[in-house]
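Listing of structure_17.csv; format and content: CSV, C-alpha atoms.
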```csv
chain,number,residue,atom,x,y,z
A,1,MET,CA,11.3,-12.0,1.8
A,2,ASN,CA,8.6,-11.5,4.4
A,3,ILE,CA,6.8,-8.2,4.5
A,4,PRO,CA,7.1,-6.6,7.9
A,5,LYS,CA,4.0,-5.7,9.9
A,6,TYR,CA,3.2,-2.1,9.3
A,7,VAL,CA,0.9,0.9,9.9
A,8,GLY,CA,0.7,2.7,6.6
A,9,ILE,CA,0.0,6.2,5.4
A,10,THR,CA,-0.1,6.9,1.6
A,11,GLY,CA,0.1,10.3,0.2
A,12,PHE,CA,3.4,11.7,1.4
A,13,THR,CA,4.7,14.6,-0.7
A,14,SER,CA,7.7,15.8,1.3
A,15,PHE,CA,10.4,14.4,3.6
A,16,GLU,CA,9.3,16.9,6.3
A,17,GLN,CA,6.0,15.1,6.5
A,18,VAL,CA,7.8,11.7,6.9
A,19,GLU,CA,10.0,13.1,9.7
A,20,SER,CA,7.0,14.4,11.5
A,21,MET,CA,5.1,11.1,11.3
A,22,LEU,CA,8.2,9.0,12.2
A,23,GLY,CA,8.4,11.1,15.4
A,24,VAL,CA,4.7,10.3,16.2
A,25,PHE,CA,5.2,6.6,15.3
A,26,LYS,CA,8.2,6.2,17.6
A,27,ALA,CA,6.5,8.0,20.5
A,28,ASN,CA,3.4,5.8,20.4
A,29,LYS,CA,4.7,2.4,19.3
A,30,LYS,CA,4.3,-0.3,22.0
A,31,ALA,CA,7.4,-1.5,23.6
A,32,GLY,CA,8.8,-4.5,21.8
A,33,SER,CA,6.6,-4.0,18.7
A,34,LYS,CA,8.3,-4.7,15.4
A,35,ARG,CA,5.8,-2.8,13.4
A,36,LYS,CA,7.1,-0.3,10.8
A,37,LEU,CA,5.7,3.0,9.6
A,38,HIS,CA,4.8,2.4,6.0
A,39,VAL,CA,5.6,5.5,4.0
A,40,GLY,CA,3.6,5.4,0.8
A,41,VAL,CA,4.3,7.8,-2.1
A,42,MET,CA,2.0,7.8,-5.1
A,43,MET,CA,3.1,7.6,-8.7
A,44,SER,CA,0.9,6.9,-11.7
A,45,TYR,CA,1.6,5.9,-15.2
A,46,LYS,CA,0.7,9.5,-16.1
A,47,THR,CA,3.0,11.2,-13.6
A,48,LEU,CA,5.8,8.8,-14.6
A,49,ASN,CA,5.5,9.8,-18.2
A,50,GLY,CA,4.8,13.5,-17.8
A,51,ILE,CA,1.1,13.4,-18.7
A,52,PRO,CA,-1.1,16.0,-16.9
A,53,THR,CA,-3.3,14.5,-14.2
A,54,GLU,CA,-6.0,15.9,-11.8
A,55,PHE,CA,-4.2,14.2,-8.9
A,56,ASP,CA,-1.1,16.5,-8.8
A,57,GLY,CA,-1.8,17.5,-5.2
A,58,ALA,CA,-1.3,14.0,-3.9
A,59,PHE,CA,1.2,12.7,-6.5
A,60,PRO,CA,4.5,14.4,-6.2
A,61,PRO,CA,6.7,15.0,-9.2
A,62,LYS,CA,8.8,11.9,-9.9
A,63,GLU,CA,12.0,14.0,-9.4
A,64,LEU,CA,11.2,14.5,-5.7
A,65,ILE,CA,10.4,10.9,-4.8
A,66,ALA,CA,13.9,9.8,-3.9
A,67,SER,CA,14.1,12.7,-1.4
A,68,ILE,CA,10.9,11.6,0.3
A,69,PHE,CA,12.3,8.1,0.8
A,70,ALA,CA,15.4,9.5,2.6
A,71,SER,CA,14.8,7.7,5.8
A,72,GLY,CA,16.0,4.1,6.3
A,73,GLU,CA,13.9,3.7,9.4
A,74,ALA,CA,10.5,3.6,7.6
A,75,TYR,CA,9.1,0.9,5.3
A,76,ASN,CA,9.3,3.0,2.1
A,77,CYS,CA,6.8,1.9,-0.5
A,78,LEU,CA,6.1,3.3,-4.0
A,79,HIS,CA,2.4,3.0,-4.9
A,80,PHE,CA,2.3,2.7,-8.6
A,81,ALA,CA,-1.2,3.2,-10.0
A,82,ASP,CA,-2.2,2.4,-13.6
A,83,TYR,CA,-5.9,2.8,-14.1
A,84,HIS,CA,-5.9,1.6,-17.7
A,85,GLU,CA,-7.7,-1.7,-17.9
A,86,HIS,CA,-5.1,-4.3,-16.7
A,87,GLY,CA,-2.4,-1.7,-17.2
A,88,HIS,CA,-0.5,-0.3,-20.2
A,89,PRO,CA,1.7,-2.7,-22.2
A,90,ASP,CA,5.3,-3.4,-21.2
A,91,LEU,CA,4.8,-3.2,-17.4
A,92,ALA,CA,8.3,-4.6,-16.9
A,93,ARG,CA,10.1,-1.6,-18.4
A,94,THR,CA,7.6,0.8,-16.7
A,95,LEU,CA,8.5,-0.7,-13.3
A,96,VAL,CA,12.2,-0.4,-14.0
A,97,LYS,CA,11.7,3.3,-14.9
A,98,ALA,CA,9.5,3.9,-11.8
A,99,ILE,CA,12.0,2.2,-9.5
A,100,TYR,CA,14.8,4.3,-10.9
A,101,TRP,CA,13.1,7.5,-9.8
A,102,CYS,CA,12.9,6.3,-6.2
A,103,GLY,CA,16.6,6.5,-5.8
A,104,CYS,CA,16.6,2.8,-4.9
A,105,ILE,CA,18.8,3.2,-1.7
A,106,ASN,CA,15.9,3.3,0.7
A,107,LEU,CA,13.1,1.8,-1.4
A,108,HIS,CA,11.7,-1.3,0.3
A,109,ALA,CA,8.6,-2.1,-1.7
A,110,VAL,CA,6.4,-1.3,-4.7
A,111,GLN,CA,2.6,-1.6,-4.3
A,112,LEU,CA,0.8,-2.1,-7.6
A,113,ASP,CA,-2.6,-0.4,-7.6
A,114,MET,CA,-3.7,-2.2,-10.7
A,115,VAL,CA,-6.3,-4.8,-11.7
A,116,TRP,CA,-4.6,-8.2,-12.0
A,117,PRO,CA,-1.4,-7.1,-13.9
A,118,ASP,CA,0.6,-9.8,-15.7
A,119,PRO,CA,2.7,-11.7,-13.1
A,120,GLY,CA,5.5,-12.4,-15.6
A,121,GLU,CA,5.9,-8.7,-16.3
A,122,ILE,CA,6.1,-7.9,-12.6
A,123,ALA,CA,8.8,-10.5,-12.0
A,124,CYS,CA,10.7,-9.4,-15.0
A,125,GLY,CA,10.5,-5.7,-14.0
A,126,THR,CA,11.7,-6.2,-10.5
A,127,HIS,CA,14.5,-8.5,-11.8
A,128,MET,CA,15.6,-6.0,-14.4
A,129,SER,CA,15.7,-3.2,-11.8
A,130,ARG,CA,18.4,-5.2,-9.9
A,131,GLN,CA,16.9,-4.0,-6.6
A,132,CYS,CA,16.0,-6.3,-3.7
A,133,ILE,CA,12.4,-5.0,-3.2
A,134,GLN,CA,9.1,-6.5,-2.2
A,135,VAL,CA,5.9,-6.3,-4.2
A,136,ILE,CA,2.4,-5.8,-2.8
A,137,LEU,CA,-0.6,-6.3,-5.0
A,138,GLN,CA,-3.7,-4.2,-4.3
A,139,ILE,CA,-6.9,-6.2,-4.5
A,140,GLY,CA,-9.3,-3.4,-5.2
A,141,PRO,CA,-13.0,-3.3,-6.2
A,142,LYS,CA,-12.5,-4.3,-9.8
A,143,ALA,CA,-10.2,-7.1,-8.9
A,144,PHE,CA,-12.8,-8.4,-6.4
A,145,GLU,CA,-15.4,-8.1,-9.1
A,146,GLU,CA,-13.4,-10.1,-11.6
A,147,ILE,CA,-13.1,-13.1,-9.2
A,148,GLY,CA,-16.8,-12.9,-8.4
A,149,ASP,CA,-16.1,-12.0,-4.8
A,150,ASP,CA,-15.1,-15.6,-4.2
A,151,PRO,CA,-12.3,-16.3,-1.6
A,152,ASP,CA,-11.4,-19.5,-3.3
A,153,LYS,CA,-11.1,-17.8,-6.7
A,154,LEU,CA,-8.9,-15.2,-5.1
A,155,VAL,CA,-6.3,-17.7,-3.9
A,156,GLU,CA,-6.5,-19.6,-7.2
A,157,ARG,CA,-5.8,-16.3,-9.1
A,158,LEU,CA,-3.0,-15.4,-6.6
A,159,GLY,CA,-1.4,-18.7,-7.2
A,160,ASP,CA,-0.2,-17.3,-10.6
A,161,TYR,CA,1.8,-14.7,-8.7
A,162,HIS,CA,4.1,-17.0,-6.8
A,163,GLY,CA,7.6,-15.5,-7.1
A,164,ALA,CA,6.2,-12.2,-8.5
A,165,ILE,CA,4.7,-10.7,-5.3
A,166,ASN,CA,5.2,-10.9,-1.6
A,167,GLY,CA,1.8,-9.8,-0.3
A,168,VAL,CA,-1.6,-8.4,-0.9
A,169,LEU,CA,-3.6,-5.3,0.2
A,170,LEU,CA,-7.3,-6.1,0.5
A,171,ASP,CA,-9.0,-2.8,-0.3
A,172,ARG,CA,-12.6,-2.6,-1.4
A,173,SER,CA,-12.5,1.2,-1.2
A,174,ALA,CA,-9.4,1.9,-3.3
A,175,GLY,CA,-9.2,5.6,-2.4
A,176,ARG,CA,-13.0,6.2,-2.4
A,177,GLY,CA,-13.2,6.6,1.4
A,178,LEU,CA,-15.8,3.8,1.8
A,179,GLY,CA,-15.9,2.5,5.3
A,180,MET,CA,-14.3,-0.9,5.8
A,181,ASP,CA,-16.5,-4.0,6.3
A,182,ALA,CA,-14.0,-6.2,8.2
A,183,LYS,CA,-16.4,-9.1,8.4
A,184,ALA,CA,-16.7,-9.2,4.6
A,185,LEU,CA,-12.9,-9.2,4.3
A,186,LEU,CA,-12.4,-12.0,6.8
A,187,PRO,CA,-13.1,-14.9,4.4
A,188,PHE,CA,-10.5,-13.5,2.0
A,189,ALA,CA,-7.9,-13.0,4.6
A,190,ARG,CA,-8.5,-16.6,5.9
A,191,ALA,CA,-8.2,-18.0,2.4
A,192,VAL,CA,-4.9,-16.2,1.8
A,193,ARG,CA,-3.5,-17.3,5.1
A,194,ARG,CA,-4.6,-20.9,4.6
A,195,SER,CA,-3.4,-21.3,1.0
A,196,LEU,CA,-0.6,-18.8,0.7
A,197,PRO,CA,0.9,-18.4,4.2
A,198,GLU,CA,4.0,-16.8,2.8
A,199,PHE,CA,2.1,-13.8,1.6
A,200,GLY,CA,1.8,-10.7,3.8
A,201,ILE,CA,-1.7,-9.4,4.3
A,202,GLY,CA,-2.7,-5.7,4.6
A,203,VAL,CA,-6.1,-4.1,4.7
A,204,ALA,CA,-7.4,-0.7,3.8
A,205,GLY,CA,-10.6,1.1,3.2
A,206,GLY,CA,-12.0,4.3,4.7
A,207,LEU,CA,-9.7,4.2,7.8
A,208,GLY,CA,-8.9,7.2,9.9
A,209,PRO,CA,-8.7,8.2,13.6
A,210,ASP,CA,-12.5,7.9,14.0
A,211,THR,CA,-12.9,4.6,12.1
A,212,MET,CA,-10.0,2.4,13.3
A,213,SER,CA,-12.5,0.4,15.3
A,214,LEU,CA,-13.8,-1.0,12.0
A,215,THR,CA,-10.7,-3.2,11.9
A,216,GLU,CA,-11.2,-5.0,15.2
A,217,PRO,CA,-12.8,-8.2,13.8
A,218,LEU,CA,-9.7,-8.6,11.6
A,219,ILE,CA,-7.2,-7.7,14.3
A,220,ARG,CA,-8.7,-10.2,16.7
A,221,GLU,CA,-8.3,-13.1,14.3
A,222,PHE,CA,-5.1,-11.8,12.6
A,223,PRO,CA,-3.2,-9.7,15.1
A,224,GLY,CA,-0.3,-9.4,12.7
A,225,VAL,CA,-2.3,-7.8,9.9
A,226,SER,CA,-1.0,-4.6,8.4
A,227,VAL,CA,-3.3,-1.5,8.0
A,228,GLU,CA,-3.1,1.3,5.6
A,229,VAL,CA,-4.9,4.6,5.1
A,230,GLN,CA,-4.9,5.9,1.5
A,231,TRP,CA,-6.1,9.4,0.9
A,232,LYS,CA,-8.1,9.5,4.2
A,233,PRO,CA,-5.4,11.4,6.2
A,234,CYS,CA,-6.8,14.7,5.0
A,235,HIS,CA,-9.9,16.4,6.3
A,236,SER,CA,-11.5,16.8,2.9
A,237,GLY,CA,-11.2,13.0,2.2
A,238,SER,CA,-10.4,13.9,-1.4
A,239,SER,CA,-7.9,11.8,-3.4
A,240,LYS,CA,-6.8,15.1,-5.0
A,241,ASP,CA,-5.5,16.6,-1.8
A,242,PRO,CA,-2.2,16.0,0.1
A,243,ILE,CA,-2.2,14.5,3.5
A,244,ASP,CA,-3.0,16.6,6.6
A,245,CYS,CA,-0.4,15.9,9.2
A,246,ASP,CA,-2.7,16.6,12.2
A,247,PHE,CA,-5.3,14.2,10.9
A,248,ALA,CA,-2.6,11.6,10.1
A,249,ARG,CA,-1.1,12.0,13.5
A,250,GLU,CA,-4.4,11.1,15.1
A,251,TYR,CA,-4.7,8.0,12.9
A,252,LEU,CA,-1.3,6.8,13.9
A,253,VAL,CA,-2.0,7.2,17.6
A,254,LYS,CA,-5.3,5.3,17.3
A,255,SER,CA,-3.8,2.6,15.2
A,256,LEU,CA,-0.9,1.9,17.5
A,257,GLN,CA,-3.3,1.7,20.4
A,258,LEU,CA,-5.1,-1.2,18.7
A,259,LEU,CA,-2.1,-3.0,17.1
A,260,ASP,CA,0.7,-5.0,18.6
```
For this file, produce the structure as structure tokens.
Amino acid sequence: MNIPKYVGITGFTSFEQVESMLGVFKANKKAGSKRKLHVGVMMSYKTLNGIPTEFDGAFPPKELIASIFASGEAYNCLHFADYHEHGHPDLARTLVKAIYWCGCINLHAVQLDMVWPDPGEIACGTHMSRQCIQVILQIGPKAFEEIGDDPDKLVERLGDYHGAINGVLLDRSAGRGLGMDAKALLPFARAVRRSLPEFGIGVAGGLGPDTMSLTEPLIREFPGVSVEVQWKPCHSGSSKDPIDCDFAREYLVKSLQLLD
């Protein structure tokens, strides 16, 4: 299953926000473009298991997630975050439980915001869920660190994920709001495209309406690359706050001006 090209916003907490952003997306998407609006909803190991967390403003209760994914027009993606080193044990059953709370009907993908989780557990979890969904693996700061910031080691490591994931999100910021260095990401995108052409490629890192120009070196070489903003669509820039629809609207408009 090929991941569609998308423009992503992560941090939705209500379907009303989704409806608003879908309206902006449709009004500004270029004629003939096949891009999708990636609707990202956050869930963590803690929110899944009822453990208090400081991120309640941006992580909706699991009971509400299915209603946020009510539209079949968007590319609906659950972002599952587990900040425990390499994840808690039994990821497969955790994924089954997480997918269950998404209602499944309009869930298209799960993004794993984790550091090199076990590929066998991923494949087992998606299989046990009995849902035809795609899996995106976030390559965040710690994941880059563990491969020594080496593009060849990235694709070597990703080779273990054949059959378990469908794409990667290259994100050196991982919610910290750090500005993207597109030139530094280019060698990694080239390595993935060369060695793993079936994998979709997305990029993130400090993007917003005033920083979309940072992506231009990547877009010139990879016009089909997907982009995602995590946390940034709020004026505070804090990962503890929900999205600000005015800010997100500006980001969508600027993104769609740059992308095909």
Identify which of the residues A:Ala191, A:Ile122, A:Val96, A:Val18 lies closest to Lys153 in chain A, counting all atoms listed in the file when measuring atom-to-atom distances.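 Checking each of A:Ala191, A:Ile122, A:Val96, A:Val18 against Lys153 in chain A, counting all atoms listed in the file, the winner is A:Ala191.
Proximity ranking of A:Leu214, A:Ile65, A:Cys77, A:Leu207 relative to Ala248 in chain A places A:Leu207 first, based on all atoms listed in the file.
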Would you kindly return, as a PyMOL selection string, each protein, DNA or RNA residue with an atom no farther than 9 Å from any atom of Tyr161 in chain A, considering all atoms listed in the file and excluding same-chain residues fewer than 2 positions away? chain A and resi 118-120+122-123+157-159+163-166
Using 8 Å of padding on each side, determine the axis-aligned box around all atoms of range 94-100 of chain A present in the file and give its centre and edge lengths in Å to one decimal, as AutoDock Vina command-line options.
```
--center_x 11.2 --center_y 1.8 --center_z -13.1 --size_x 23.2 --size_y 21.0 --size_z 23.2
```
Name the residues in contact with Arg93 in chain A at a cut-off of 12 Å, using all atoms listed in the file, excluding same-chain residues fewer than 4 positions from it; report them as a tab-separated table (two decimals) with C-alpha atoms, in the coordinates of the input.
```tsv
chain	number	residue	atom	x	y	z
A	45	TYR	CA	1.60	5.90	-15.20
A	48	LEU	CA	5.80	8.80	-14.60
A	88	HIS	CA	-0.50	-0.30	-20.20
A	89	PRO	CA	1.70	-2.70	-22.20
A	97	LYS	CA	11.70	3.30	-14.90
A	98	ALA	CA	9.50	3.90	-11.80
A	99	ILE	CA	12.00	2.20	-9.50
A	100	TYR	CA	14.80	4.30	-10.90
A	121	GLU	CA	5.90	-8.70	-16.30
A	122	ILE	CA	6.10	-7.90	-12.60
A	123	ALA	CA	8.80	-10.50	-12.00
A	124	CYS	CA	10.70	-9.40	-15.00
A	125	GLY	CA	10.50	-5.70	-14.00
A	126	THR	CA	11.70	-6.20	-10.50
A	127	HIS	CA	14.50	-8.50	-11.80
A	128	MET	CA	15.60	-6.00	-14.40
A	129	SER	CA	15.70	-3.20	-11.80
```
Starting from the incomplete input, reconstruct N, CA and C atoms of range 134-154 of chain A and report them as an mmCIF file, in the frame of the given file.
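This went into part35.cif:
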```
data_model
loop_
_atom_site.group_PDB
_atom_site.id
_atom_site.type_symbol
_atom_site.label_atom_id
_atom_site.label_comp_id
_atom_site.auth_asym_id
_atom_site.auth_seq_id
_atom_site.Cartn_x
_atom_site.Cartn_y
_atom_site.Cartn_z
ATOM 1 N N GLN A 134 10.322 -5.660 -2.301
ATOM 2 C CA GLN A 134 9.100 -6.500 -2.200
ATOM 3 C C GLN A 134 8.016 -5.879 -3.049
ATOM 4 N N VAL A 135 7.056 -6.722 -3.406
ATOM 5 C CA VAL A 135 5.900 -6.300 -4.200
ATOM 6 C C VAL A 135 4.626 -6.639 -3.533
ATOM 7 N N ILE A 136 3.768 -5.645 -3.399
ATOM 8 C CA ILE A 136 2.400 -5.800 -2.800
ATOM 9 C C ILE A 136 1.422 -5.576 -3.922
ATOM 10 N N LEU A 137 0.451 -6.458 -4.043
ATOM 11 C CA LEU A 137 -0.600 -6.300 -5.000
ATOM 12 C C LEU A 137 -1.878 -5.844 -4.368
ATOM 13 N N GLN A 138 -2.376 -4.693 -4.775
ATOM 14 C CA GLN A 138 -3.700 -4.200 -4.300
ATOM 15 C C GLN A 138 -4.787 -5.048 -4.904
ATOM 16 N N ILE A 139 -5.659 -5.596 -4.058
ATOM 17 C CA ILE A 139 -6.900 -6.200 -4.500
ATOM 18 C C ILE A 139 -8.004 -5.252 -4.297
ATOM 19 N N GLY A 140 -8.300 -4.483 -5.332
ATOM 20 C CA GLY A 140 -9.300 -3.400 -5.200
ATOM 21 C C GLY A 140 -10.657 -3.855 -5.728
ATOM 22 N N PRO A 141 -11.605 -2.918 -5.805
ATOM 23 C CA PRO A 141 -13.000 -3.300 -6.200
ATOM 24 C C PRO A 141 -13.112 -4.024 -7.481
ATOM 25 N N LYS A 142 -12.412 -3.584 -8.524
ATOM 26 C CA LYS A 142 -12.500 -4.300 -9.800
ATOM 27 C C LYS A 142 -11.890 -5.647 -9.782
ATOM 28 N N ALA A 143 -10.797 -5.776 -9.012
ATOM 29 C CA ALA A 143 -10.200 -7.100 -8.900
ATOM 30 C C ALA A 143 -11.092 -8.066 -8.165
ATOM 31 N N PHE A 144 -11.770 -7.599 -7.110
ATOM 32 C CA PHE A 144 -12.800 -8.400 -6.400
ATOM 33 C C PHE A 144 -13.884 -8.819 -7.383
ATOM 34 N N GLU A 145 -14.304 -7.859 -8.171
ATOM 35 C CA GLU A 145 -15.400 -8.100 -9.100
ATOM 36 C C GLU A 145 -15.029 -9.183 -10.121
ATOM 37 N N GLU A 146 -13.780 -9.158 -10.595
ATOM 38 C CA GLU A 146 -13.400 -10.100 -11.600
ATOM 39 C C GLU A 146 -13.252 -11.549 -11.103
ATOM 40 N N ILE A 147 -13.137 -11.706 -9.786
ATOM 41 C CA ILE A 147 -13.100 -13.100 -9.200
ATOM 42 C C ILE A 147 -14.474 -13.425 -8.615
ATOM 43 N N GLY A 148 -15.482 -12.602 -8.900
ATOM 44 C CA GLY A 148 -16.800 -12.900 -8.400
ATOM 45 C C GLY A 148 -16.945 -12.860 -6.901
ATOM 46 N N ASP A 149 -16.099 -12.057 -6.242
ATOM 47 C CA ASP A 149 -16.100 -12.000 -4.800
ATOM 48 C C ASP A 149 -16.048 -13.327 -4.111
ATOM 49 N N ASP A 150 -15.208 -14.185 -4.642
ATOM 50 C CA ASP A 150 -15.100 -15.600 -4.200
ATOM 51 C C ASP A 150 -13.691 -15.766 -3.570
ATOM 52 N N PRO A 151 -13.572 -16.058 -2.260
ATOM 53 C CA PRO A 151 -12.300 -16.300 -1.600
ATOM 54 C C PRO A 151 -11.444 -17.367 -2.275
ATOM 55 N N ASP A 152 -12.105 -18.453 -2.684
ATOM 56 C CA ASP A 152 -11.400 -19.500 -3.300
ATOM 57 C C ASP A 152 -10.789 -19.122 -4.668
ATOM 58 N N LYS A 153 -11.556 -18.320 -5.408
ATOM 59 C CA LYS A 153 -11.100 -17.800 -6.700
ATOM 60 C C LYS A 153 -9.928 -16.822 -6.495
ATOM 61 N N LEU A 154 -9.968 -16.111 -5.352
ATOM 62 C CA LEU A 154 -8.900 -15.200 -5.100
ATOM 63 C C LEU A 154 -7.561 -15.923 -4.925
#
```
